[in-house]
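Undergrad: Next up, my_file_4.cif (mmCIF, C-alpha atoms).
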```cif
data_data
#
loop_
_atom_site.label_atom_id
_atom_site.label_comp_id
_atom_site.auth_asym_id
_atom_site.auth_seq_id
_atom_site.Cartn_x
_atom_site.Cartn_y
_atom_site.Cartn_z
CA MET A 687 -132.47 8.03 20.63
CA ASP A 688 -130.55 8.57 23.83
CA LEU A 689 -126.96 8.27 22.66
CA GLU A 690 -125.57 9.19 26.05
CA LEU A 691 -127.36 6.28 27.69
CA MET A 692 -126.04 3.94 25.01
CA VAL A 693 -122.46 5.08 25.58
CA ASN A 694 -122.84 4.91 29.37
CA SER A 695 -124.40 1.47 29.45
CA PHE A 696 -121.86 -0.04 27.04
CA PRO A 697 -119.10 -0.74 29.63
CA LYS A 698 -121.65 -2.16 32.10
CA LEU A 699 -123.08 -4.47 29.46
CA LEU A 700 -119.62 -5.45 28.26
CA SER A 701 -118.55 -6.58 31.73
CA ALA A 702 -121.82 -8.50 32.03
CA ALA A 703 -120.97 -10.19 28.72
CA VAL A 704 -117.93 -11.67 30.45
CA ILE A 705 -120.28 -13.50 32.83
CA THR A 706 -122.31 -14.72 29.84
CA LEU A 707 -119.14 -16.07 28.24
CA LYS A 708 -118.08 -17.73 31.49
CA LEU A 709 -121.47 -19.43 31.87
CA LEU A 710 -121.32 -20.49 28.23
CA SER A 711 -117.82 -21.92 28.22
CA VAL A 712 -118.09 -23.84 31.51
CA SER A 713 -121.44 -25.39 30.57
CA LEU A 714 -120.24 -26.25 27.06
CA ILE A 715 -117.19 -28.08 28.39
CA ILE A 716 -119.22 -30.09 30.92
CA GLY A 717 -121.98 -30.59 28.33
CA LEU A 718 -119.52 -31.98 25.78
CA PHE A 719 -118.51 -34.77 28.17
CA ILE A 720 -122.14 -35.49 29.06
CA GLY A 721 -123.01 -35.52 25.36
CA LEU A 722 -120.17 -37.88 24.44
CA PHE A 723 -121.10 -40.20 27.30
CA PHE A 724 -124.75 -40.41 26.26
CA ALA A 725 -123.90 -40.69 22.55
CA ILE A 726 -121.82 -43.78 23.36
CA LEU A 727 -124.71 -45.17 25.43
CA ARG A 728 -127.04 -44.57 22.47
CA LEU A 729 -124.82 -46.73 20.26
CA ASN A 730 -124.92 -49.54 22.81
CA LYS A 731 -126.80 -52.64 21.69
CA ASN A 732 -128.35 -53.24 25.12
CA ILE A 733 -131.93 -52.03 24.79
CA PHE A 734 -132.19 -50.72 28.38
CA ILE A 735 -129.03 -48.63 28.19
CA ASN A 736 -130.15 -47.41 24.78
CA LYS A 737 -133.63 -46.45 25.96
CA PHE A 738 -132.21 -44.74 29.05
CA ALA A 739 -129.97 -42.52 26.92
CA TYR A 740 -132.83 -41.82 24.53
CA GLY A 741 -135.12 -40.92 27.44
CA TYR A 742 -132.55 -38.48 28.79
CA SER A 743 -132.23 -36.64 25.51
CA TYR A 744 -136.00 -36.74 24.89
CA VAL A 745 -136.85 -35.16 28.23
CA PHE A 746 -134.23 -32.44 28.03
CA ARG A 747 -135.01 -31.59 24.41
CA GLY A 748 -138.77 -31.71 24.93
CA THR A 749 -139.01 -29.29 27.85
CA PRO A 750 -138.11 -25.59 27.99
CA LEU A 751 -134.73 -24.70 29.46
CA LEU A 752 -136.54 -22.37 31.87
CA VAL A 753 -138.34 -25.33 33.49
CA GLN A 754 -135.05 -27.16 33.85
CA ILE A 755 -133.38 -24.23 35.60
CA PHE A 756 -136.35 -23.74 37.91
CA ILE A 757 -136.48 -27.42 38.87
CA ILE A 758 -132.79 -27.39 39.72
CA TYR A 759 -132.66 -23.99 41.44
CA PHE A 760 -136.02 -23.86 43.25
CA GLY A 761 -136.96 -27.54 43.27
CA LEU A 762 -133.90 -29.42 44.45
CA GLY A 763 -133.46 -27.18 47.49
CA GLN A 764 -136.72 -28.59 48.77
CA ILE A 765 -135.31 -32.07 49.29
CA GLU A 766 -134.19 -32.19 52.92
CA TYR A 767 -131.66 -34.93 52.30
CA LEU A 768 -129.82 -32.89 49.65
CA ARG A 769 -129.43 -29.98 52.03
CA SER A 770 -127.38 -32.11 54.39
CA THR A 771 -124.96 -33.41 51.76
CA VAL A 772 -121.84 -31.84 50.26
CA LEU A 773 -123.84 -31.21 47.07
CA TRP A 774 -125.69 -28.41 48.83
CA VAL A 775 -122.57 -26.23 48.69
CA ILE A 776 -123.01 -26.26 44.90
CA LEU A 777 -126.81 -26.33 44.70
CA LYS A 778 -127.40 -23.28 46.86
CA GLU A 779 -125.46 -21.12 44.39
CA PRO A 780 -127.57 -19.80 41.48
CA TYR A 781 -124.40 -19.72 39.37
CA TRP A 782 -123.82 -23.46 39.65
CA CYS A 783 -127.51 -24.30 39.35
CA ALA A 784 -127.60 -22.42 36.06
CA ILE A 785 -124.47 -24.19 34.87
CA ILE A 786 -125.85 -27.62 35.81
CA ALA A 787 -129.07 -26.89 33.90
CA PHE A 788 -127.21 -25.53 30.86
CA ALA A 789 -124.75 -28.44 30.83
CA LEU A 790 -127.49 -31.08 31.08
CA ASN A 791 -129.47 -29.30 28.36
CA THR A 792 -126.62 -28.86 25.90
CA GLY A 793 -125.47 -32.39 26.77
CA ALA A 794 -128.77 -33.75 25.47
CA TYR A 795 -128.47 -31.89 22.15
CA THR A 796 -124.77 -32.72 21.85
CA SER A 797 -125.47 -36.42 22.38
CA GLU A 798 -127.88 -36.35 19.42
CA ILE A 799 -125.38 -34.49 17.24
CA LEU A 800 -122.57 -36.91 18.10
CA ARG A 801 -124.78 -39.98 17.75
CA SER A 802 -125.79 -39.07 14.22
CA ALA A 803 -122.16 -38.27 13.43
CA PHE A 804 -121.07 -41.71 14.65
CA GLN A 805 -123.80 -43.34 12.61
CA THR A 806 -122.78 -41.65 9.38
CA ILE A 807 -119.27 -43.10 9.56
CA LYS A 808 -119.02 -45.62 6.77
CA PRO A 809 -118.66 -49.19 8.09
CA GLY A 810 -115.89 -49.70 5.54
CA ILE A 811 -113.61 -47.37 7.48
CA ILE A 812 -114.05 -49.38 10.68
CA GLU A 813 -113.62 -52.65 8.78
CA ALA A 814 -110.43 -51.30 7.22
CA GLY A 815 -109.11 -50.64 10.71
CA LYS A 816 -110.07 -54.12 11.87
CA SER A 817 -108.43 -55.79 8.88
CA LEU A 818 -105.22 -53.96 9.77
CA GLY A 819 -105.41 -55.71 13.14
CA ILE A 820 -106.07 -52.55 15.14
CA SER A 821 -107.98 -53.12 18.38
CA ASN A 822 -111.56 -51.86 18.74
CA LYS A 823 -110.52 -49.38 21.40
CA VAL A 824 -107.86 -47.78 19.23
CA ILE A 825 -110.24 -47.69 16.26
CA PHE A 826 -112.79 -45.90 18.43
CA TYR A 827 -110.41 -43.27 19.77
CA LYS A 828 -108.17 -42.79 16.73
CA VAL A 829 -110.66 -43.27 13.87
CA GLN A 830 -114.29 -42.92 14.94
CA ILE A 831 -113.97 -39.99 17.34
CA PRO A 832 -111.91 -37.73 15.03
CA ILE A 833 -114.27 -38.39 12.11
CA ALA A 834 -117.33 -37.86 14.29
CA ILE A 835 -115.97 -34.55 15.58
CA ARG A 836 -115.39 -33.31 12.05
CA GLN A 837 -118.85 -34.47 10.95
CA SER A 838 -120.59 -32.77 13.83
CA LEU A 839 -118.81 -29.41 13.63
CA PRO A 840 -121.51 -27.50 11.68
CA ALA A 841 -124.34 -28.77 13.89
CA TYR A 842 -122.28 -28.21 17.03
CA GLY A 843 -121.59 -24.63 15.94
CA ASN A 844 -125.33 -24.02 15.85
CA GLU A 845 -125.65 -25.60 19.27
CA ILE A 846 -123.01 -23.25 20.70
CA ILE A 847 -124.95 -20.24 19.39
CA LEU A 848 -128.25 -21.64 20.73
CA MET A 849 -126.58 -22.21 24.09
CA MET A 850 -125.18 -18.68 24.13
CA LYS A 851 -128.74 -17.44 23.75
CA GLY A 852 -129.83 -19.94 26.39
CA THR A 853 -127.48 -18.45 28.99
CA SER A 854 -129.74 -15.38 29.01
CA LEU A 855 -132.09 -17.43 31.20
CA ALA A 856 -129.53 -17.21 33.99
CA SER A 857 -130.99 -13.77 34.61
CA THR A 858 -134.20 -15.44 35.84
CA VAL A 859 -132.32 -16.93 38.80
CA THR A 860 -130.83 -13.59 39.89
CA LEU A 861 -127.56 -13.82 37.93
CA MET A 862 -126.47 -10.56 36.33
CA ASP A 863 -125.43 -11.77 32.90
CA LEU A 864 -125.72 -9.65 29.75
CA THR A 865 -129.51 -10.02 29.56
CA GLY A 866 -129.88 -9.53 33.32
CA VAL A 867 -127.98 -6.23 33.27
CA ALA A 868 -129.83 -5.14 30.11
CA LYS A 869 -133.15 -5.78 31.81
CA TYR A 870 -132.00 -3.89 34.89
CA ILE A 871 -131.00 -0.85 32.81
CA ILE A 872 -134.25 -1.00 30.82
CA SER A 873 -136.41 -1.16 33.94
CA THR A 874 -134.61 1.77 35.56
CA THR A 875 -134.40 4.05 32.51
CA PHE A 876 -137.40 2.90 30.44
CA LYS A 877 -135.33 3.15 27.27
CA PRO A 878 -135.78 -0.38 25.89
CA ILE A 879 -134.74 0.34 22.31
CA GLU A 880 -131.38 1.92 23.11
CA VAL A 881 -130.42 -0.82 25.55
CA PHE A 882 -131.62 -3.51 23.16
CA ILE A 883 -129.41 -2.12 20.40
CA VAL A 884 -126.29 -2.16 22.59
CA ALA A 885 -126.94 -5.53 24.29
CA GLY A 886 -128.17 -7.12 21.07
CA GLY A 887 -125.10 -5.76 19.29
CA ILE A 888 -122.81 -7.45 21.82
CA TYR A 889 -124.70 -10.75 21.40
CA LEU A 890 -124.50 -10.47 17.61
CA PHE A 891 -120.79 -9.79 17.82
CA MET A 892 -120.29 -12.94 19.90
CA THR A 893 -122.44 -14.94 17.45
CA PHE A 894 -120.32 -13.60 14.60
CA ILE A 895 -117.07 -14.66 16.30
CA ILE A 896 -118.35 -18.15 17.16
CA HIS A 897 -119.70 -18.60 13.63
CA ASN A 898 -116.34 -17.72 12.07
CA VAL A 899 -114.28 -19.82 14.47
CA ILE A 900 -116.43 -22.86 13.61
CA LYS A 901 -116.11 -22.10 9.89
CA PHE A 902 -112.34 -21.90 10.26
CA LEU A 903 -112.26 -25.24 12.12
CA GLU A 904 -114.48 -26.82 9.45
CA ARG A 905 -112.07 -25.75 6.74
CA LYS A 906 -109.04 -26.83 8.75
CA TYR A 907 -110.40 -30.31 9.42
CA SER A 908 -112.10 -30.87 6.08
CA PHE A 909 -111.24 -34.09 4.33
CA ASN A 910 -109.84 -32.50 1.19
CA MET B 882 -152.25 -35.71 44.19
CA GLU B 883 -154.65 -33.46 46.06
CA LEU B 884 -152.46 -30.58 44.91
CA LEU B 885 -153.80 -31.23 41.42
CA ALA B 886 -157.47 -31.43 42.40
CA PHE B 887 -159.93 -29.40 40.37
CA GLY B 888 -161.86 -26.63 42.09
CA ASP B 889 -160.81 -24.47 45.03
CA THR B 890 -158.76 -27.08 46.83
CA GLY B 891 -156.17 -27.82 44.15
CA TRP B 892 -154.33 -26.45 41.16
CA GLY B 893 -155.69 -28.89 38.57
CA ASP B 894 -158.12 -26.57 36.82
CA GLU B 895 -155.71 -23.61 36.94
CA LEU B 896 -152.99 -25.68 35.32
CA PHE B 897 -155.44 -27.01 32.77
CA TYR B 898 -156.40 -23.50 31.65
CA ALA B 899 -152.73 -22.50 31.72
CA THR B 900 -151.99 -25.36 29.34
CA LEU B 901 -154.73 -24.14 27.00
CA MET B 902 -153.15 -20.68 27.20
CA THR B 903 -149.74 -22.10 26.25
CA ILE B 904 -151.32 -23.83 23.26
CA ALA B 905 -153.17 -20.65 22.25
CA VAL B 906 -150.06 -18.46 22.48
CA SER B 907 -147.95 -21.03 20.60
CA ILE B 908 -150.42 -21.31 17.73
CA THR B 909 -150.90 -17.53 17.52
CA ALA B 910 -147.14 -17.00 17.56
CA MET B 911 -146.60 -19.65 14.90
CA LEU B 912 -149.24 -17.99 12.65
CA ILE B 913 -147.69 -14.55 13.18
CA GLY B 914 -144.39 -16.21 12.30
CA PHE B 915 -145.88 -17.51 9.05
CA LEU B 916 -147.01 -13.97 8.22
CA PHE B 917 -143.47 -12.72 8.72
CA ALA B 918 -142.13 -15.61 6.65
CA LEU B 919 -144.62 -14.74 3.91
CA ILE B 920 -143.15 -11.22 3.78
CA PHE B 921 -139.47 -12.04 4.23
CA THR B 922 -139.04 -15.24 2.20
CA PRO B 923 -139.69 -13.44 -1.13
CA LEU B 924 -137.30 -10.68 -0.01
CA LYS B 925 -134.64 -13.30 0.68
CA LEU B 926 -135.08 -14.86 -2.74
CA SER B 927 -135.30 -11.53 -4.55
CA GLN B 928 -132.56 -10.40 -6.95
CA ASN B 929 -132.59 -6.96 -5.41
CA LYS B 930 -129.57 -6.49 -3.12
CA PHE B 931 -131.33 -4.01 -0.84
CA LEU B 932 -134.37 -6.24 -0.24
CA ASN B 933 -131.96 -9.10 0.39
CA PHE B 934 -130.15 -7.03 2.96
CA ILE B 935 -133.36 -6.22 4.85
CA ALA B 936 -134.44 -9.87 5.01
CA ASN B 937 -130.96 -11.03 6.01
CA SER B 938 -130.75 -8.45 8.79
CA TYR B 939 -134.08 -9.65 10.16
CA THR B 940 -133.13 -13.32 10.29
CA THR B 941 -129.57 -12.69 11.48
CA ILE B 942 -130.52 -10.33 14.29
CA ILE B 943 -133.40 -12.44 15.57
CA ARG B 944 -131.46 -15.68 15.43
CA GLY B 945 -128.39 -14.14 17.07
CA VAL B 946 -130.06 -12.37 20.00
CA PRO B 947 -131.55 -14.24 22.99
CA GLU B 948 -135.33 -14.69 22.98
CA LEU B 949 -135.57 -13.25 26.46
CA LEU B 950 -133.98 -9.97 25.33
CA VAL B 951 -136.49 -9.70 22.45
CA ILE B 952 -139.33 -10.31 24.91
CA TYR B 953 -138.03 -7.58 27.23
CA LEU B 954 -137.85 -5.22 24.24
CA PHE B 955 -141.51 -5.85 23.45
CA PHE B 956 -142.62 -5.93 27.06
CA PHE B 957 -141.04 -2.60 27.98
CA GLY B 958 -141.13 -1.03 24.53
CA GLY B 959 -144.42 -2.30 23.13
CA THR B 960 -146.70 0.16 24.89
CA GLY B 961 -144.47 3.09 23.97
CA ALA B 962 -144.34 2.07 20.32
CA VAL B 963 -148.11 1.63 20.02
CA MET B 964 -148.76 4.95 21.77
CA PHE B 965 -146.29 6.64 19.43
CA VAL B 966 -148.12 5.29 16.37
CA ALA B 967 -151.47 6.24 17.93
CA SER B 968 -150.26 9.78 18.62
CA ILE B 969 -149.52 10.20 14.90
CA PHE B 970 -153.19 9.54 14.32
CA GLY B 971 -154.11 12.03 17.00
CA TYR B 972 -154.88 9.64 19.87
CA ASN B 973 -153.04 10.60 23.03
CA GLU B 974 -154.66 8.52 25.79
CA TYR B 975 -152.70 5.82 27.60
CA ILE B 976 -152.93 2.49 25.81
CA GLU B 977 -152.17 -0.76 27.55
CA ILE B 978 -151.49 -3.77 25.36
CA ASN B 979 -152.27 -7.06 27.01
CA ALA B 980 -149.62 -9.65 27.76
CA PHE B 981 -151.06 -12.14 25.30
CA ILE B 982 -150.59 -9.87 22.31
CA THR B 983 -147.14 -8.68 23.39
CA GLY B 984 -146.00 -12.25 24.05
CA ALA B 985 -147.47 -13.77 20.90
CA PHE B 986 -145.97 -10.98 18.82
CA ALA B 987 -142.49 -11.30 20.36
CA ILE B 988 -142.43 -15.09 19.99
CA GLY B 989 -144.01 -14.75 16.53
CA ILE B 990 -141.20 -12.52 15.29
CA ILE B 991 -138.67 -15.05 16.55
CA SER B 992 -140.53 -18.00 15.06
CA GLY B 993 -140.91 -16.05 11.79
CA ALA B 994 -137.14 -15.77 11.40
CA TYR B 995 -136.79 -19.54 11.66
CA SER B 996 -139.77 -20.15 9.34
CA THR B 997 -138.29 -17.76 6.77
CA GLU B 998 -135.10 -19.80 6.66
CA VAL B 999 -137.08 -23.03 6.34
CA PHE B 1000 -139.20 -21.75 3.45
CA ARG B 1001 -136.19 -20.25 1.70
CA GLY B 1002 -134.36 -23.57 1.90
CA ALA B 1003 -137.40 -25.51 0.70
CA ILE B 1004 -138.10 -23.24 -2.29
CA GLN B 1005 -134.44 -23.22 -3.28
CA SER B 1006 -134.28 -26.99 -3.31
CA ILE B 1007 -137.15 -27.29 -5.78
CA ASP B 1008 -135.91 -28.29 -9.19
CA LYS B 1009 -135.59 -25.44 -11.70
CA GLY B 1010 -137.45 -27.58 -14.23
CA GLN B 1011 -140.62 -27.26 -12.12
CA PHE B 1012 -140.61 -23.46 -12.54
CA GLU B 1013 -139.92 -23.80 -16.25
CA ALA B 1014 -142.61 -26.44 -16.69
CA ALA B 1015 -145.10 -24.14 -14.97
CA ASN B 1016 -144.14 -21.38 -17.40
CA VAL B 1017 -144.54 -23.70 -20.36
CA LEU B 1018 -148.04 -24.63 -19.17
CA GLY B 1019 -148.89 -20.96 -19.40
CA LEU B 1020 -149.86 -20.59 -15.75
CA ASN B 1021 -149.94 -17.08 -14.35
CA LYS B 1022 -147.88 -16.08 -11.30
CA PHE B 1023 -150.52 -17.14 -8.77
CA GLY B 1024 -151.31 -20.43 -10.45
CA LYS B 1025 -147.63 -21.19 -10.69
CA PHE B 1026 -147.06 -20.51 -7.02
CA PHE B 1027 -150.16 -22.10 -5.52
CA LYS B 1028 -150.55 -25.11 -7.81
CA ILE B 1029 -146.97 -26.07 -8.55
CA ILE B 1030 -144.46 -24.58 -6.14
CA LEU B 1031 -146.30 -24.37 -2.80
CA PRO B 1032 -147.40 -28.03 -2.58
CA GLN B 1033 -143.85 -29.18 -3.22
CA THR B 1034 -142.43 -26.59 -0.83
CA LEU B 1035 -144.73 -27.80 1.95
CA ARG B 1036 -143.56 -31.38 1.56
CA LEU B 1037 -139.96 -30.30 2.00
CA ALA B 1038 -140.71 -27.72 4.68
CA ILE B 1039 -142.92 -29.71 7.07
CA PRO B 1040 -140.17 -31.68 8.84
CA ASN B 1041 -138.24 -28.46 9.51
CA LEU B 1042 -141.38 -26.53 10.40
CA SER B 1043 -142.08 -29.14 13.03
CA ASN B 1044 -138.73 -28.18 14.60
CA VAL B 1045 -139.76 -24.52 14.46
CA TRP B 1046 -143.02 -25.46 16.18
CA GLN B 1047 -141.10 -27.22 18.97
CA ILE B 1048 -138.85 -24.18 19.44
CA THR B 1049 -141.89 -21.87 19.45
CA LEU B 1050 -143.75 -24.02 21.96
CA LYS B 1051 -140.80 -24.03 24.33
CA ASP B 1052 -140.13 -20.32 23.84
CA THR B 1053 -143.62 -19.47 25.10
CA SER B 1054 -142.40 -20.44 28.58
CA LEU B 1055 -140.37 -17.22 28.50
CA ILE B 1056 -143.51 -15.10 28.19
CA SER B 1057 -144.14 -15.95 31.85
CA VAL B 1058 -141.79 -13.07 32.73
CA THR B 1059 -144.42 -10.66 31.38
CA GLY B 1060 -147.10 -12.09 33.70
CA LEU B 1061 -149.19 -13.96 31.13
CA VAL B 1062 -150.68 -16.94 32.95
CA GLU B 1063 -149.42 -19.89 30.92
CA ILE B 1064 -147.94 -23.14 32.24
CA MET B 1065 -144.73 -21.60 33.62
CA ARG B 1066 -146.42 -18.64 35.28
CA GLN B 1067 -149.14 -20.79 36.83
CA SER B 1068 -146.55 -23.25 38.16
CA TYR B 1069 -144.60 -20.32 39.61
CA VAL B 1070 -147.70 -19.07 41.41
CA ALA B 1071 -148.65 -22.55 42.61
CA ALA B 1072 -145.09 -23.28 43.74
CA GLY B 1073 -145.00 -20.02 45.65
CA SER B 1074 -148.25 -20.53 47.50
CA THR B 1075 -147.81 -24.22 48.33
CA ARG B 1076 -144.02 -24.09 48.85
CA ASP B 1077 -143.68 -27.13 46.67
CA PRO B 1078 -141.65 -25.94 43.67
CA LEU B 1079 -140.18 -29.38 42.93
CA PHE B 1080 -143.61 -30.89 42.34
CA PHE B 1081 -145.07 -28.05 40.29
CA TYR B 1082 -142.07 -27.45 38.06
CA SER B 1083 -141.73 -31.17 37.44
CA PHE B 1084 -145.41 -31.26 36.58
CA ALA B 1085 -144.87 -28.31 34.21
CA ALA B 1086 -142.10 -30.31 32.55
CA VAL B 1087 -144.50 -33.24 32.13
CA LEU B 1088 -147.10 -30.93 30.56
CA TYR B 1089 -144.55 -29.61 28.06
CA LEU B 1090 -143.42 -33.15 27.24
CA LEU B 1091 -147.03 -34.12 26.65
CA LEU B 1092 -147.54 -31.14 24.35
CA THR B 1093 -144.42 -31.88 22.31
CA PHE B 1094 -145.30 -35.58 22.14
CA VAL B 1095 -148.87 -35.04 20.94
CA SER B 1096 -147.91 -32.35 18.46
CA MET B 1097 -145.17 -34.56 17.01
CA LYS B 1098 -147.74 -37.31 16.42
CA LEU B 1099 -150.06 -34.88 14.65
CA ILE B 1100 -147.28 -33.40 12.52
CA ASN B 1101 -146.15 -36.87 11.47
CA ARG B 1102 -149.61 -37.43 10.02
CA LEU B 1103 -149.35 -34.17 8.09
CA GLU B 1104 -145.96 -35.25 6.82
CA VAL B 1105 -147.41 -38.49 5.48
CA LYS B 1106 -150.23 -36.58 3.84
CA TYR B 1107 -147.95 -34.17 2.02
CA SER B 1108 -145.49 -36.77 0.84
CA ARG B 1109 -148.08 -38.79 -1.03
CA GLY B 1110 -146.60 -39.90 -4.31
CA TYR B 1111 -143.00 -39.96 -3.08
#
```
Show me, as structure tokens, the structure contained in the file I just sent.

TA:
Amino acid sequence: MDLELMVNSFPKLLSAAVITLKLLSVSLIIGLFIGLFFAILRLNKNIFINKFAYGYSYVFRGTPLLVQIFIIYFGLGQIEYLRSTVLWVILKEPYWCAIIAFALNTGAYTSEILRSAFQTIKPGIIEAGKSLGISNKVIFYKVQIPIAIRQSLPAYGNEIILMMKGTSLASTVTLMDLTGVAKYIISTTFKPIEVFIVAGGIYLFMTFIIHNVIKFLERKYSFN
Amino acid sequence: MELLAFGDTGWGDELFYATLMTIAVSITAMLIGFLFALIFTPLKLSQNKFLNFIANSYTTIIRGVPELLVIYLFFFGGTGAVMFVASIFGYNEYIEINAFITGAFAIGIISGAYSTEVFRGAIQSIDKGQFEAANVLGLNKFGKFFKIILPQTLRLAIPNLSNVWQITLKDTSLISVTGLVEIMRQSYVAAGSTRDPLFFYSFAAVLYLLLTFVSMKLINRLEVKYSRGY
């Protein structure tokens, strides 16, 4: 055990953890909107819209996140047309490519979580709203969405933790996130166990915090 | 399309073998995962606090740390660990472990943590009366487990194990960082030499989709088989 290395690498890894958290929070926020959008499409009665939303979530859940990042980072740059548009400003940055991939990926999982949450809402609750003469729009925003959010909290908490682990793939497109810096230190010092303990400890700490925040929210918004 | 031709002119045969490699690593990893689950599920269910603690640490650490970090640990640390064990037995030559074993072991440990949770959940949801009935019938420990508990556990566990299989299959793409030539690595090589990453990574995505689709169909059959009588 090289304690000195562990102490020395701790501040470096901690500042890299900030990048991990940044990647995580930005992609979760964008992914939440994507997820809500596709969950609503999934509930649509039109079979084409429905199938389109299903296809989106099937493709993104059925392929590894690594493939998705590589297609966006290495693949899209190949299209000549894209290089001439404004989008290229975003797509040439590995940071934004990673975020786009993460957001699309978590969006697919989130859409499934929200869809099943919407479907478990008892029809009686919606009918009660209708019989009170409340418009469909108001019922959707004031009744269905709050209930769906509460229902999906436990599953969404898991998704946040999975996504936090997913951000480690940013290191494959040259970003120096927590895993990227850990790998750099390992490959220069050849002390994998020490670095793993410190980096893994930081990840576990973040998991622990996320887990407890979700638990707190679950209790706060529970029906009783 | 000529990019995918078989033989020397295209990447078809290379990608075909890479797909077989992905399947081989996934199955090996899943089986190693079952071995870990076989060890850690009883520890999780044990009354002993210390054994509980060991099993909980395993599942918590593995499920809270990114897969890629675990793979780096095994990739950079695996050789050292094996040589250390070998030196205890008096063998001091350099030992190189191949990428397949390192990768399958790393993914297997990850998959094992998920499998452990699945089996724990399944066993816990079996009615207490089943255990008591098995006792009343005078079955010994093995008979009780293999004839009464395991068949019921499998029925409950298969849907969740199919999720673990999907996760494992997708996780094998990460082994490409160690140089094992599976789908991702082969696509990386092909993309590099043809300068057509969009095509090859999209094709890799299609291959993964195909693998998940086919395996889902097969698992559904298994599910039907094990839920006979329900």

Undergrad: Smallest atom-to-atom distance to chain A: which of B:Phe887, B:Phe955, B:Phe965, B:Tyr1107, using only C-alpha atoms?

TA: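 When distances to chain A are compared using only C-alpha atoms, the smallest one comes from B:Phe955.
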
Undergrad: Please find the residues of chain B near chain A - the criterion being any atom within 10 Å, counting all atoms listed in the file - and write them as a PyMOL selection string.

TA: chain B and resi 941-951+953-959+961-962+1047-1048+1050-1055+1057-1058+1064-1065+1068-1069+1072+1076-1094

Undergrad: Pull out every residue that the PyMOL selection byres ((chain A and resi 797-807) around 8) matches in the shown coordinates and put them as a PDB file with C-alpha atoms, in the coordinates of the input.

TA:
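Below you can see result29.pdb, which holds the result:
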```
ATOM      1  CA  ILE A 720    -122.140 -35.490  29.060  1.00  0.00           C
ATOM      2  CA  GLY A 721    -123.010 -35.520  25.360  1.00  0.00           C
ATOM      3  CA  LEU A 722    -120.170 -37.880  24.440  1.00  0.00           C
ATOM      4  CA  PHE A 723    -121.100 -40.200  27.300  1.00  0.00           C
ATOM      5  CA  PHE A 724    -124.750 -40.410  26.260  1.00  0.00           C
ATOM      6  CA  ALA A 725    -123.900 -40.690  22.550  1.00  0.00           C
ATOM      7  CA  ILE A 726    -121.820 -43.780  23.360  1.00  0.00           C
ATOM      8  CA  ARG A 728    -127.040 -44.570  22.470  1.00  0.00           C
ATOM      9  CA  LEU A 729    -124.820 -46.730  20.260  1.00  0.00           C
ATOM     10  CA  SER A 743    -132.230 -36.640  25.510  1.00  0.00           C
ATOM     11  CA  GLY A 793    -125.470 -32.390  26.770  1.00  0.00           C
ATOM     12  CA  ALA A 794    -128.770 -33.750  25.470  1.00  0.00           C
ATOM     13  CA  TYR A 795    -128.470 -31.890  22.150  1.00  0.00           C
ATOM     14  CA  THR A 796    -124.770 -32.720  21.850  1.00  0.00           C
ATOM     15  CA  LYS A 808    -119.020 -45.620   6.770  1.00  0.00           C
ATOM     16  CA  PRO A 809    -118.660 -49.190   8.090  1.00  0.00           C
ATOM     17  CA  ILE A 811    -113.610 -47.370   7.480  1.00  0.00           C
ATOM     18  CA  GLN A 830    -114.290 -42.920  14.940  1.00  0.00           C
ATOM     19  CA  ILE A 831    -113.970 -39.990  17.340  1.00  0.00           C
ATOM     20  CA  ILE A 833    -114.270 -38.390  12.110  1.00  0.00           C
ATOM     21  CA  ALA A 834    -117.330 -37.860  14.290  1.00  0.00           C
ATOM     22  CA  ILE A 835    -115.970 -34.550  15.580  1.00  0.00           C
ATOM     23  CA  GLN A 837    -118.850 -34.470  10.950  1.00  0.00           C
ATOM     24  CA  SER A 838    -120.590 -32.770  13.830  1.00  0.00           C
ATOM     25  CA  ALA A 841    -124.340 -28.770  13.890  1.00  0.00           C
ATOM     26  CA  TYR A 842    -122.280 -28.210  17.030  1.00  0.00           C
TER      27      TYR A 842
END
```

Undergrad: Give me the residues near segment 924-938 of chain B as an mmCIF file with C-alpha atoms, in the frame of the given file, where near means some atom within 9 Å (using all atoms listed in the file) and where sequence neighbours in that chain fewer than 6 positions away do not count.

TA:
```
data_model
loop_
_atom_site.group_PDB
_atom_site.id
_atom_site.type_symbol
_atom_site.label_atom_id
_atom_site.label_comp_id
_atom_site.auth_asym_id
_atom_site.auth_seq_id
_atom_site.Cartn_x
_atom_site.Cartn_y
_atom_site.Cartn_z
ATOM 1 C CA THR B 997 -138.290 -17.760 6.770
ATOM 2 C CA GLU B 998 -135.100 -19.800 6.660
ATOM 3 C CA ARG B 1001 -136.190 -20.250 1.700
ATOM 4 C CA ILE B 1004 -138.100 -23.240 -2.290
ATOM 5 C CA GLN B 1005 -134.440 -23.220 -3.280
#
```

Undergrad: Hey, which of B:Gly914, B:Leu1042, B:Gln1033, B:Gly1019 ends up closest to Gly1110 of chain B? Count all atoms listed in the file.

TA: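 The closest residue to Gly1110 of chain B is B:Gln1033.
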
Undergrad: What is the atom CA of Met902 of chain B-atom CA of Tyr975 of chain B distance in Å, reported with one decimal?

TA: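 Taking atom CA of Met902 of chain B as the start and atom CA of Tyr975 of chain B as the end point, the length is 26.5 Å.
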
Undergrad: Set the distance at 6 Å and use only C-alpha atoms: which residues neighbour segment 977-988 of chain B once local chain neighbours fewer than 5 positions away are removed? I'd like the list as a ChimeraX atom specification.

TA: /B:906,910,952,1056,1061

Undergrad: Find the residues around Ala1038 of chain B up to 8 Å (only C-alpha atoms counted), leave out those fewer than 2 positions away in its own chain, and share them as a list of chain:residue names.

TA: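 Returned residues: B:Val999, B:Phe1000, B:Ala1003, B:Thr1034, B:Leu1035, B:Arg1036, B:Pro1040, B:Asn1041, B:Leu1042.
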